[in-house]
$ cat query_23.cif   # mmCIF, C-alpha atoms
data_query
loop_
_atom_site.group_PDB
_atom_site.id
_atom_site.type_symbol
_atom_site.label_atom_id
_atom_site.label_comp_id
_atom_site.auth_asym_id
_atom_site.auth_seq_id
_atom_site.Cartn_x
_atom_site.Cartn_y
_atom_site.Cartn_z
ATOM 1 C CA MET U 137 -31.316 -7.833 43.501
ATOM 2 C CA CYS U 138 -31.130 -11.379 44.927
ATOM 3 C CA GLU U 139 -30.165 -13.138 48.132
ATOM 4 C CA LEU U 140 -27.579 -15.868 48.683
ATOM 5 C CA PHE U 141 -27.224 -18.643 51.259
ATOM 6 C CA ALA U 142 -24.472 -21.245 51.540
ATOM 7 C CA VAL U 143 -23.060 -23.845 53.902
ATOM 8 C CA SER U 144 -19.578 -25.328 54.197
ATOM 9 C CA SER U 145 -19.152 -27.711 57.107
ATOM 10 C CA ALA U 146 -16.980 -30.624 58.155
ATOM 11 C CA ASN U 147 -20.102 -32.497 59.253
ATOM 12 C CA LYS U 148 -23.740 -32.441 58.225
ATOM 13 C CA ILE U 149 -25.744 -29.826 60.110
ATOM 14 C CA GLN U 150 -29.455 -29.121 60.482
ATOM 15 C CA VAL U 151 -30.371 -26.240 58.186
ATOM 16 C CA THR U 152 -34.169 -26.457 57.871
ATOM 17 C CA GLY U 153 -34.861 -23.520 60.185
ATOM 18 C CA LEU U 154 -32.300 -21.303 58.493
ATOM 19 C CA LEU U 155 -33.680 -22.178 55.066
ATOM 20 C CA LYS U 156 -37.248 -21.406 56.128
ATOM 21 C CA GLU U 157 -36.163 -17.967 57.294
ATOM 22 C CA PHE U 158 -34.038 -17.388 54.223
ATOM 23 C CA PHE U 159 -36.809 -18.329 51.791
ATOM 24 C CA SER U 160 -39.297 -16.156 53.726
ATOM 25 C CA HIS U 161 -37.435 -13.173 52.254
ATOM 26 C CA SER U 162 -39.018 -14.031 48.908
ATOM 27 C CA ARG U 163 -41.601 -11.328 49.564
ATOM 28 C CA GLU U 164 -38.966 -8.926 48.254
ATOM 29 C CA HIS U 165 -37.365 -11.475 45.898
ATOM 30 C CA PRO U 166 -40.327 -13.089 44.100
ATOM 31 C CA ASN U 167 -38.817 -14.202 40.789
ATOM 32 C CA GLY U 168 -37.576 -17.697 41.572
ATOM 33 C CA TRP U 169 -35.869 -19.903 44.124
ATOM 34 C CA GLY U 170 -33.160 -22.548 43.960
ATOM 35 C CA LEU U 171 -31.393 -25.071 46.161
ATOM 36 C CA ALA U 172 -28.295 -27.202 45.558
ATOM 37 C CA ILE U 173 -27.287 -29.869 48.080
ATOM 38 C CA PHE U 174 -23.992 -31.700 47.594
ATOM 39 C CA ASP U 175 -22.849 -35.116 48.756
ATOM 40 C CA GLU U 176 -20.215 -37.654 47.819
ATOM 41 C CA GLY U 177 -22.326 -38.852 44.899
ATOM 42 C CA GLY U 178 -22.639 -35.420 43.326
ATOM 43 C CA GLN U 179 -25.325 -32.808 43.728
ATOM 44 C CA ASN U 180 -29.078 -32.367 43.710
ATOM 45 C CA VAL U 181 -30.339 -29.076 42.244
ATOM 46 C CA GLU U 182 -33.950 -28.014 42.764
ATOM 47 C CA ARG U 183 -35.384 -24.740 41.429
ATOM 48 C CA GLU U 184 -38.561 -23.046 40.280
ATOM 49 C CA PRO U 185 -39.215 -19.672 38.607
ATOM 50 C CA VAL U 186 -41.871 -18.792 41.189
ATOM 51 C CA ARG U 187 -41.945 -16.947 44.496
ATOM 52 C CA ALA U 188 -40.559 -19.279 47.157
ATOM 53 C CA SER U 189 -43.428 -18.535 49.553
ATOM 54 C CA ASN U 190 -45.913 -19.606 46.852
ATOM 55 C CA SER U 191 -44.193 -22.909 46.052
ATOM 56 C CA LEU U 192 -46.063 -25.991 47.270
ATOM 57 C CA TYR U 193 -43.038 -28.098 46.318
ATOM 58 C CA LEU U 194 -40.706 -26.010 48.495
ATOM 59 C CA LYS U 195 -43.211 -25.986 51.363
ATOM 60 C CA ASN U 196 -43.279 -29.793 51.294
ATOM 61 C CA ARG U 197 -39.493 -29.925 50.920
ATOM 62 C CA LEU U 198 -38.998 -27.805 54.042
ATOM 63 C CA SER U 199 -41.546 -29.789 56.060
ATOM 64 C CA ALA U 200 -38.915 -32.504 56.503
ATOM 65 C CA GLU U 201 -35.556 -32.157 58.208
ATOM 66 C CA ILE U 202 -32.761 -31.089 55.852
ATOM 67 C CA GLN U 203 -29.173 -31.796 56.804
ATOM 68 C CA ALA U 204 -26.156 -30.900 54.696
ATOM 69 C CA ASN U 205 -22.483 -30.112 54.918
ATOM 70 C CA ARG U 206 -22.381 -28.365 51.515
ATOM 71 C CA MET U 207 -25.259 -26.341 50.162
ATOM 72 C CA LEU U 208 -26.190 -23.312 48.046
ATOM 73 C CA ALA U 209 -29.571 -21.534 48.050
ATOM 74 C CA HIS U 210 -30.863 -18.515 46.142
ATOM 75 C CA ILE U 211 -33.901 -16.286 45.826
ATOM 76 C CA ARG U 212 -34.139 -14.036 42.796
ATOM 77 C CA ARG U 213 -35.313 -10.519 42.111
ATOM 78 C CA ALA U 214 -34.881 -10.210 38.369
ATOM 79 C CA THR U 215 -32.854 -7.391 36.830
ATOM 80 C CA VAL U 216 -31.372 -9.007 33.711
ATOM 81 C CA GLY U 217 -33.245 -11.913 32.099
ATOM 82 C CA ASP U 218 -36.887 -12.951 32.020
ATOM 83 C CA VAL U 219 -38.561 -14.845 34.841
ATOM 84 C CA ASP U 220 -38.385 -18.442 33.684
ATOM 85 C CA PHE U 221 -36.744 -21.736 34.575
ATOM 86 C CA ARG U 222 -33.666 -21.119 32.391
ATOM 87 C CA ASN U 223 -32.833 -17.977 34.373
ATOM 88 C CA THR U 224 -33.331 -19.478 37.829
ATOM 89 C CA HIS U 225 -30.250 -20.004 40.023
ATOM 90 C CA PRO U 226 -28.170 -22.073 40.723
ATOM 91 C CA PHE U 227 -26.423 -22.400 37.374
ATOM 92 C CA VAL U 228 -24.413 -25.548 36.687
ATOM 93 C CA LYS U 229 -21.606 -26.261 34.187
ATOM 94 C CA ARG U 230 -18.994 -29.008 33.762
ATOM 95 C CA ASP U 231 -15.416 -28.244 32.757
ATOM 96 C CA VAL U 232 -13.459 -30.433 30.326
ATOM 97 C CA SER U 233 -12.119 -32.568 33.183
ATOM 98 C CA GLY U 234 -15.660 -33.496 34.239
ATOM 99 C CA ARG U 235 -15.647 -31.296 37.342
ATOM 100 C CA THR U 236 -19.012 -29.649 38.020
ATOM 101 C CA TRP U 237 -19.211 -25.945 38.902
ATOM 102 C CA THR U 238 -22.351 -24.560 40.555
ATOM 103 C CA LEU U 239 -22.893 -20.808 40.957
ATOM 104 C CA ILE U 240 -25.267 -18.312 42.550
ATOM 105 C CA HIS U 241 -25.000 -14.551 42.079
ATOM 106 C CA ASN U 242 -26.346 -11.417 43.729
ATOM 107 C CA GLY U 243 -25.509 -8.358 41.683
ATOM 108 C CA THR U 244 -25.452 -6.832 38.247
ATOM 109 C CA ILE U 245 -22.916 -6.739 35.446
ATOM 110 C CA PHE U 246 -22.975 -3.266 33.899
ATOM 111 C CA GLU U 247 -19.811 -3.476 31.845
ATOM 112 C CA ALA U 248 -17.773 -6.585 30.995
ATOM 113 C CA SER U 249 -16.828 -7.096 27.361
ATOM 114 C CA VAL U 250 -15.414 -10.545 28.185
ATOM 115 C CA LEU U 251 -18.963 -11.754 28.900
ATOM 116 C CA SER U 252 -20.567 -10.441 25.725
ATOM 117 C CA PRO U 253 -19.841 -13.513 23.520
ATOM 118 C CA TYR U 254 -21.752 -15.788 25.913
ATOM 119 C CA GLN U 255 -25.095 -14.170 25.160
ATOM 120 C CA TYR U 256 -25.083 -16.243 21.956
ATOM 121 C CA SER U 257 -24.334 -19.593 23.626
ATOM 122 C CA GLN U 258 -26.021 -19.424 27.026
ATOM 123 C CA VAL U 259 -29.211 -21.348 27.761
ATOM 124 C CA GLY U 260 -30.995 -18.422 29.421
ATOM 125 C CA SER U 261 -30.432 -14.674 29.298
ATOM 126 C CA THR U 262 -28.924 -13.657 32.652
ATOM 127 C CA ASP U 263 -25.566 -12.033 33.295
ATOM 128 C CA SER U 264 -25.171 -14.563 36.135
ATOM 129 C CA GLU U 265 -25.125 -17.517 33.743
ATOM 130 C CA ARG U 266 -22.570 -15.693 31.591
ATOM 131 C CA ILE U 267 -20.297 -15.359 34.628
ATOM 132 C CA LEU U 268 -20.291 -19.139 35.072
ATOM 133 C CA LEU U 269 -19.638 -19.789 31.380
ATOM 134 C CA TYR U 270 -16.716 -17.366 31.427
ATOM 135 C CA LEU U 271 -15.294 -18.934 34.603
ATOM 136 C CA VAL U 272 -15.476 -22.469 33.214
ATOM 137 C CA ASP U 273 -13.905 -21.362 29.913
ATOM 138 C CA ARG U 274 -10.968 -19.872 31.831
ATOM 139 C CA ILE U 275 -10.666 -23.139 33.784
ATOM 140 C CA ASN U 276 -10.743 -25.122 30.526
ATOM 141 C CA GLU U 277 -8.026 -22.949 28.979
ATOM 142 C CA SER U 278 -5.752 -23.557 31.952
ATOM 143 C CA LEU U 279 -6.460 -27.276 31.882
ATOM 144 C CA GLU U 280 -5.628 -27.512 28.199
ATOM 145 C CA ASN U 281 -2.385 -25.584 28.701
ATOM 146 C CA ASP U 282 -1.093 -27.845 31.457
ATOM 147 C CA TRP U 283 -3.442 -30.729 32.284
ATOM 148 C CA ASN U 284 -0.980 -32.704 34.410
ATOM 149 C CA SER U 285 -0.151 -29.945 36.896
ATOM 150 C CA PHE U 286 -3.604 -28.343 37.133
ATOM 151 C CA ASP U 287 -4.588 -28.724 40.796
ATOM 152 C CA GLY U 288 -6.583 -26.886 43.432
ATOM 153 C CA ASN U 289 -4.097 -24.030 43.595
ATOM 154 C CA GLU U 290 -4.482 -23.445 39.863
ATOM 155 C CA ARG U 291 -8.261 -23.366 40.245
ATOM 156 C CA PHE U 292 -7.879 -20.784 43.001
ATOM 157 C CA HIS U 293 -5.670 -18.657 40.758
ATOM 158 C CA VAL U 294 -8.106 -18.736 37.843
ATOM 159 C CA ALA U 295 -11.100 -17.995 40.082
ATOM 160 C CA GLU U 296 -9.277 -15.047 41.639
ATOM 161 C CA GLN U 297 -8.438 -13.634 38.203
ATOM 162 C CA VAL U 298 -12.074 -13.953 37.125
ATOM 163 C CA THR U 299 -13.481 -12.212 40.212
ATOM 164 C CA ARG U 300 -10.914 -9.434 39.946
ATOM 165 C CA THR U 301 -11.709 -8.861 36.268
ATOM 166 C CA LEU U 302 -15.488 -8.866 36.698
ATOM 167 C CA SER U 303 -15.508 -6.710 39.848
ATOM 168 C CA GLN U 304 -14.420 -3.618 37.938
ATOM 169 C CA GLY U 305 -17.519 -1.426 37.651
ATOM 170 C CA ASN U 306 -19.903 -4.237 38.603
ATOM 171 C CA LYS U 307 -21.685 -5.607 41.658
ATOM 172 C CA LEU U 308 -20.218 -9.065 42.040
ATOM 173 C CA ASN U 309 -21.469 -11.008 45.037
ATOM 174 C CA LEU U 310 -20.810 -14.641 44.139
ATOM 175 C CA ILE U 311 -20.763 -18.018 45.792
ATOM 176 C CA PHE U 312 -19.754 -21.046 43.751
ATOM 177 C CA ASP U 313 -18.751 -24.644 44.334
ATOM 178 C CA ASP U 314 -16.403 -26.796 42.249
ATOM 179 C CA GLY U 315 -17.322 -30.134 43.828
ATOM 180 C CA GLU U 316 -14.545 -29.782 46.388
ATOM 181 C CA TYR U 317 -14.205 -26.167 47.498
ATOM 182 C CA LEU U 318 -16.624 -23.312 48.196
ATOM 183 C CA TYR U 319 -15.643 -19.927 46.716
ATOM 184 C CA VAL U 320 -17.030 -16.702 48.208
ATOM 185 C CA HIS U 321 -16.674 -13.144 46.886
ATOM 186 C CA LYS U 322 -18.424 -9.859 47.529
ATOM 187 C CA ASN U 323 -17.603 -6.274 46.603
ATOM 188 C CA ALA U 324 -20.668 -4.411 47.890
ATOM 189 C CA PRO U 325 -20.691 -3.323 51.561
ATOM 190 C CA GLY U 326 -23.320 -4.834 53.842
ATOM 191 C CA THR U 327 -24.465 -7.495 51.386
ATOM 192 C CA LEU U 328 -23.043 -10.799 52.682
ATOM 193 C CA TYR U 329 -22.528 -12.147 56.190
ATOM 194 C CA ILE U 330 -20.921 -15.212 57.773
ATOM 195 C CA ARG U 331 -21.658 -17.218 60.892
ATOM 196 C CA GLU U 332 -18.744 -19.474 61.716
ATOM 197 C CA LYS U 333 -17.239 -21.722 64.327
ATOM 198 C CA ALA U 334 -14.709 -24.522 64.185
ATOM 199 C CA GLY U 335 -15.433 -26.635 61.106
ATOM 200 C CA GLU U 336 -18.577 -24.742 60.115
ATOM 201 C CA ALA U 337 -19.239 -21.651 57.980
ATOM 202 C CA ILE U 338 -22.688 -20.399 56.965
ATOM 203 C CA PHE U 339 -23.202 -17.475 54.594
ATOM 204 C CA SER U 340 -26.264 -15.319 54.056
ATOM 205 C CA THR U 341 -27.056 -12.021 52.364
ATOM 206 C CA GLN U 342 -28.875 -11.025 55.560
ATOM 207 C CA PRO U 343 -28.034 -12.278 59.058
ATOM 208 C CA LEU U 344 -30.498 -14.963 60.091
ATOM 209 C CA ASP U 345 -31.692 -15.895 63.584
ATOM 210 C CA GLY U 346 -29.267 -17.728 65.801
ATOM 211 C CA GLY U 347 -25.573 -17.195 66.433
ATOM 212 C CA SER U 348 -23.325 -14.250 65.780
ATOM 213 C CA TRP U 349 -22.983 -12.961 62.207
ATOM 214 C CA ASN U 350 -20.102 -10.913 60.857
ATOM 215 C CA GLU U 351 -19.723 -9.196 57.522
ATOM 216 C CA VAL U 352 -17.736 -11.157 54.933
ATOM 217 C CA PRO U 353 -14.454 -9.372 54.151
ATOM 218 C CA PRO U 354 -14.906 -7.430 50.893
ATOM 219 C CA ASP U 355 -13.022 -7.219 47.596
ATOM 220 C CA GLN U 356 -11.186 -10.521 47.796
ATOM 221 C CA LEU U 357 -11.819 -14.168 47.008
ATOM 222 C CA LEU U 358 -12.257 -16.477 50.008
ATOM 223 C CA ILE U 359 -12.188 -20.260 49.631
ATOM 224 C CA TYR U 360 -13.523 -22.798 52.134
ATOM 225 C CA LYS U 361 -13.283 -26.549 52.578
ATOM 226 C CA ASP U 362 -15.157 -28.435 55.298
ATOM 227 C CA GLY U 363 -16.109 -25.173 57.025
ATOM 228 C CA THR U 364 -12.578 -23.802 57.241
ATOM 229 C CA ARG U 365 -11.128 -20.992 55.174
ATOM 230 C CA ILE U 366 -8.140 -22.402 53.318
ATOM 231 C CA TYR U 367 -7.396 -19.522 50.937
ATOM 232 C CA THR U 368 -7.606 -15.736 51.186
ATOM 233 C CA GLY U 369 -7.058 -13.794 47.978
ATOM 234 C CA GLU U 370 -5.457 -10.399 47.607
ATOM 235 C CA LYS U 371 -7.734 -7.386 47.946
ATOM 236 C CA HIS U 372 -8.476 -5.870 44.546
ATOM 237 C CA GLY U 373 -10.051 -2.580 45.641
ATOM 238 C CA PHE U 374 -12.958 -2.650 43.157
ATOM 239 C CA THR U 375 -15.678 -1.881 45.694
ATOM 240 C CA TYR U 376 -19.086 -1.452 44.101
ATOM 241 C CA VAL U 377 -20.847 1.847 44.803
ATOM 242 C CA GLU U 378 -24.368 2.049 43.441
ATOM 243 C CA ASP U 379 -25.026 4.718 40.833
ATOM 244 C CA PRO U 380 -28.825 5.270 40.671
ATOM 245 C CA GLU U 381 -28.609 6.644 37.131
ATOM 246 C CA GLN U 382 -26.639 3.612 35.954
ATOM 247 C CA VAL U 383 -29.203 1.278 37.517
ATOM 248 C CA LYS U 384 -32.054 3.250 35.927
ATOM 249 C CA MET U 385 -30.470 2.976 32.489
ATOM 250 C CA LEU U 386 -30.026 -0.775 32.928
ATOM 251 C CA TYR U 387 -33.700 -1.249 33.803
ATOM 252 C CA LEU U 388 -34.768 0.904 30.864
ATOM 253 C CA GLY U 389 -32.575 -1.118 28.527
ATOM 254 C CA PHE U 390 -33.864 -4.414 29.902
ATOM 255 C CA SER U 391 -37.494 -3.277 29.523
ATOM 256 C CA GLY U 392 -36.883 -2.087 25.961
ATOM 257 C CA LEU U 393 -37.926 1.507 26.705
#

$ encode --input "query_23.cif" --output "C-alpha cells"
Amino acid sequence: MCELFAVSSANKIQVTGLLKEFFSHSREHPNGWGLAIFDEGGQNVEREPVRASNSLYLKNRLSAEIQANRMLAHIRRATVGDVDFRNTHPFVKRDVSGRTWTLIHNGTIFEASVLSPYQYSQVGSTDSERILLYLVDRINESLENDWNSFDGNERFHVAEQVTRTLSQGNKLNLIFDDGEYLYVHKNAPGTLYIREKAGEAIFSTQPLDGGSWNEVPPDQLLIYKDGTRIYTGEKHGFTYVEDPEQVKMLYLGFSGL
C-alpha cells in the first residue's frame, strides 16, 4: 500500500533524520512521494510521482535541516489510480469557509457507495482523493446548516462520522490536517505507530530509529493539537482484515483484466 508520516508538536522540532529514514522505504513504495509543512502563513506542499530515492529534488531538500511543528509526509505504492502527479499525496481541498484540509491515506476502499459520485469530479483517479472530497462536502453541509455555531467540536463530529462510515469493509489509515488540528485514524492492526512525549507526537507507518514507539489505538478517531491529544472518538469496531481474494479482484479490475 503506502506509508504515512506526521508531526504534531507545540514547538518546531528537527525532523530531517526521521524523514530520510522514512523516505528510504520508497524501495517498496516507488510510485510517488509527498511532503506538506504547515506554518502560520499556511502550508507548503511538495510532491513528485517518482520514487523518493530517485528524486534529485528530494535529495537536495533533505540535505538541509528541516524543522517543523506540523507536517505530513507520504510514499505511495499504487493500487487505485495511475502513477502521475494528480494521484500523488498529499491531497488538498478548501471548504466553503476557506479552511484548507490536507490528507494522506494508506489503504484501499473496496466498497463505499458514498464515494462513487466523486469519480466524475475529482482531479485524479484515486480512492484517497475521493475520501477528501467526501469529507469536505460533509463539512460544507454542516457549515451551511448552521454557520454561526460550527466550531472545532462540530468538525470533530463530522470527521468521526466520515471515518466510521468509510471504515466498514475498507482499510482506512488516514491522517489529515484542517489548518488547526491533526486527525489520525487507523483500522488495520500493526500499520501505524506513535512516538510521543509532552507536547510532541510523531506518527509513522513503521517505527523509525530513536525513541520508543507504540501502536496507535485502532478503530477510533484521534485528534491532536500542538502535540497533545485533545479528542478521542468512540471505537467503531470496523477492524480491517485483509481478504486476499478481494485484493486480487481489485488489482484485476484496476488493470482491466

$ closest_residue --input "query_23.cif" --among "U:Phe141, U:Phe227, U:Tyr360, U:Trp349" --to "U:Val181" --atoms "all atoms listed in the file"
U:Phe227

$ closest_residue --input "query_23.cif" --among "U:Gly369, U:Gly363, U:Pro354, U:Gly170" --to "U:Val294" --atoms "all atoms listed in the file"
U:Gly369

$ closest_residue --input "query_23.cif" --among "U:Arg331, U:Lys322, U:His161, U:Lys229" --to "U:Leu271" --atoms "only C-alpha atoms"
U:Lys229

$ resolve_selection --input "query_23.cif" --expression "the PyMOL selection byres ((chain U and resi 169) around 6)" --output "PyMOL selection string"
chain U and resi 168+170+183-184+188+210-211

$ residues_around --input "query_23.cif" --residues "U:Glu265" --least-positions-apart "4" --cutoff "9 Å" --atoms "all atoms listed in the file" --output "list in words"
Asn223, His225, Pro226, Phe227, Val228, Leu239, Ile240, His241, Tyr254, Gln258, Val259, Gly260, Ser261, Leu269 and Tyr270 of chain U

$ decode --input "query_23.cif" --residues "stretch 285-382 of chain U" --atoms "C-alpha atoms" --output "PDB file, in the first residue's frame"
ATOM      1  CA  SER U 285     -22.215  27.660  15.660  1.00  0.00           C
ATOM      2  CA  PHE U 286     -19.889  25.493  13.552  1.00  0.00           C
ATOM      3  CA  ASP U 287     -16.714  25.183  15.638  1.00  0.00           C
ATOM      4  CA  GLY U 288     -13.949  22.687  16.293  1.00  0.00           C
ATOM      5  CA  ASN U 289     -16.279  20.286  18.074  1.00  0.00           C
ATOM      6  CA  GLU U 290     -18.545  20.181  15.029  1.00  0.00           C
ATOM      7  CA  ARG U 291     -15.556  19.426  12.807  1.00  0.00           C
ATOM      8  CA  PHE U 292     -14.610  16.578  15.131  1.00  0.00           C
ATOM      9  CA  HIS U 293     -18.138  15.184  14.927  1.00  0.00           C
ATOM     10  CA  VAL U 294     -18.234  15.273  11.129  1.00  0.00           C
ATOM     11  CA  ALA U 295     -14.758  13.739  10.821  1.00  0.00           C
ATOM     12  CA  GLU U 296     -15.720  10.941  13.205  1.00  0.00           C
ATOM     13  CA  GLN U 297     -18.867  10.188  11.197  1.00  0.00           C
ATOM     14  CA  VAL U 298     -16.843  10.052   7.976  1.00  0.00           C
ATOM     15  CA  THR U 299     -14.194   7.683   9.358  1.00  0.00           C
ATOM     16  CA  ARG U 300     -16.844   5.432  10.872  1.00  0.00           C
ATOM     17  CA  THR U 301     -18.772   5.264   7.595  1.00  0.00           C
ATOM     18  CA  LEU U 302     -15.735   4.584   5.409  1.00  0.00           C
ATOM     19  CA  SER U 303     -14.147   2.029   7.760  1.00  0.00           C
ATOM     20  CA  GLN U 304     -16.852  -0.538   7.064  1.00  0.00           C
ATOM     21  CA  GLY U 305     -15.253  -3.148   4.800  1.00  0.00           C
ATOM     22  CA  ASN U 306     -12.285  -0.933   3.920  1.00  0.00           C
ATOM     23  CA  LYS U 307      -8.706  -0.322   5.019  1.00  0.00           C
ATOM     24  CA  LEU U 308      -8.777   3.241   6.267  1.00  0.00           C
ATOM     25  CA  ASN U 309      -5.499   4.506   7.672  1.00  0.00           C
ATOM     26  CA  LEU U 310      -5.772   8.288   7.424  1.00  0.00           C
ATOM     27  CA  ILE U 311      -4.001  11.358   8.680  1.00  0.00           C
ATOM     28  CA  PHE U 312      -5.401  14.769   7.812  1.00  0.00           C
ATOM     29  CA  ASP U 313      -4.972  18.363   8.902  1.00  0.00           C
ATOM     30  CA  ASP U 314      -7.570  21.147   8.892  1.00  0.00           C
ATOM     31  CA  GLY U 315      -5.149  24.029   9.452  1.00  0.00           C
ATOM     32  CA  GLU U 316      -5.593  23.781  13.212  1.00  0.00           C
ATOM     33  CA  TYR U 317      -5.908  20.151  14.280  1.00  0.00           C
ATOM     34  CA  LEU U 318      -4.311  16.866  13.207  1.00  0.00           C
ATOM     35  CA  TYR U 319      -6.723  13.934  12.763  1.00  0.00           C
ATOM     36  CA  VAL U 320      -5.444  10.347  12.969  1.00  0.00           C
ATOM     37  CA  HIS U 321      -7.335   7.120  12.229  1.00  0.00           C
ATOM     38  CA  LYS U 322      -6.355   3.533  11.561  1.00  0.00           C
ATOM     39  CA  ASN U 323      -8.335   0.301  11.425  1.00  0.00           C
ATOM     40  CA  ALA U 324      -5.670  -2.206  10.360  1.00  0.00           C
ATOM     41  CA  PRO U 325      -3.509  -3.791  13.095  1.00  0.00           C
ATOM     42  CA  GLY U 326       0.217  -3.074  13.052  1.00  0.00           C
ATOM     43  CA  THR U 327       0.039  -0.317  10.446  1.00  0.00           C
ATOM     44  CA  LEU U 328       0.560   2.958  12.347  1.00  0.00           C
ATOM     45  CA  TYR U 329       2.751   3.861  15.309  1.00  0.00           C
ATOM     46  CA  ILE U 330       3.271   6.894  17.549  1.00  0.00           C
ATOM     47  CA  ARG U 331       6.266   8.288  19.386  1.00  0.00           C
ATOM     48  CA  GLU U 332       5.165  10.855  21.929  1.00  0.00           C
ATOM     49  CA  LYS U 333       6.248  12.927  24.873  1.00  0.00           C
ATOM     50  CA  ALA U 334       4.919  16.097  26.435  1.00  0.00           C
ATOM     51  CA  GLY U 335       3.911  18.476  23.644  1.00  0.00           C
ATOM     52  CA  GLU U 336       5.151  16.251  20.824  1.00  0.00           C
ATOM     53  CA  ALA U 337       3.578  13.427  18.797  1.00  0.00           C
ATOM     54  CA  ILE U 338       5.165  11.780  15.754  1.00  0.00           C
ATOM     55  CA  PHE U 339       3.367   9.177  13.650  1.00  0.00           C
ATOM     56  CA  SER U 340       4.783   6.644  11.223  1.00  0.00           C
ATOM     57  CA  THR U 341       3.547   3.534   9.443  1.00  0.00           C
ATOM     58  CA  GLN U 342       6.730   1.809  10.630  1.00  0.00           C
ATOM     59  CA  PRO U 343       8.656   2.675  13.801  1.00  0.00           C
ATOM     60  CA  LEU U 344      11.708   4.743  12.929  1.00  0.00           C
ATOM     61  CA  ASP U 345      15.046   4.960  14.747  1.00  0.00           C
ATOM     62  CA  GLY U 346      15.112   6.835  18.009  1.00  0.00           C
ATOM     63  CA  GLY U 347      12.711   6.834  20.935  1.00  0.00           C
ATOM     64  CA  SER U 348      10.006   4.424  21.948  1.00  0.00           C
ATOM     65  CA  TRP U 349       7.160   3.729  19.506  1.00  0.00           C
ATOM     66  CA  ASN U 350       3.738   2.396  20.414  1.00  0.00           C
ATOM     67  CA  GLU U 351       0.926   1.255  18.177  1.00  0.00           C
ATOM     68  CA  VAL U 352      -1.776   3.864  17.552  1.00  0.00           C
ATOM     69  CA  PRO U 353      -5.066   2.774  19.151  1.00  0.00           C
ATOM     70  CA  PRO U 354      -7.270   1.266  16.420  1.00  0.00           C
ATOM     71  CA  ASP U 355     -10.828   1.838  15.204  1.00  0.00           C
ATOM     72  CA  GLN U 356     -11.320   5.335  16.561  1.00  0.00           C
ATOM     73  CA  LEU U 357     -10.576   8.903  15.538  1.00  0.00           C
ATOM     74  CA  LEU U 358      -7.810  10.659  17.484  1.00  0.00           C
ATOM     75  CA  ILE U 359      -7.282  14.416  17.235  1.00  0.00           C
ATOM     76  CA  TYR U 360      -4.133  16.319  18.213  1.00  0.00           C
ATOM     77  CA  LYS U 361      -3.205  19.957  18.691  1.00  0.00           C
ATOM     78  CA  ASP U 362       0.336  21.103  19.476  1.00  0.00           C
ATOM     79  CA  GLY U 363       1.441  17.516  20.147  1.00  0.00           C
ATOM     80  CA  THR U 364      -1.294  16.730  22.657  1.00  0.00           C
ATOM     81  CA  ARG U 365      -4.303  14.519  22.083  1.00  0.00           C
ATOM     82  CA  ILE U 366      -7.380  16.652  22.672  1.00  0.00           C
ATOM     83  CA  TYR U 367     -10.093  14.302  21.394  1.00  0.00           C
ATOM     84  CA  THR U 368     -10.602  10.535  21.454  1.00  0.00           C
ATOM     85  CA  GLY U 369     -13.503   9.186  19.425  1.00  0.00           C
ATOM     86  CA  GLU U 370     -15.651   6.188  20.221  1.00  0.00           C
ATOM     87  CA  LYS U 371     -14.424   2.824  18.975  1.00  0.00           C
ATOM     88  CA  HIS U 372     -16.416   1.704  15.944  1.00  0.00           C
ATOM     89  CA  GLY U 373     -15.273  -1.922  15.729  1.00  0.00           C
ATOM     90  CA  PHE U 374     -14.746  -1.981  11.941  1.00  0.00           C
ATOM     91  CA  THR U 375     -11.285  -3.541  12.037  1.00  0.00           C
ATOM     92  CA  TYR U 376      -9.923  -4.296   8.586  1.00  0.00           C
ATOM     93  CA  VAL U 377      -8.900  -7.906   7.954  1.00  0.00           C
ATOM     94  CA  GLU U 378      -7.258  -8.491   4.600  1.00  0.00           C
ATOM     95  CA  ASP U 379      -9.048 -10.834   2.221  1.00  0.00           C
ATOM     96  CA  PRO U 380      -6.501 -11.977  -0.419  1.00  0.00           C
ATOM     97  CA  GLU U 381      -9.252 -12.780  -2.919  1.00  0.00           C
ATOM     98  CA  GLN U 382     -10.794  -9.329  -2.503  1.00  0.00           C
TER      99      GLN U 382
END
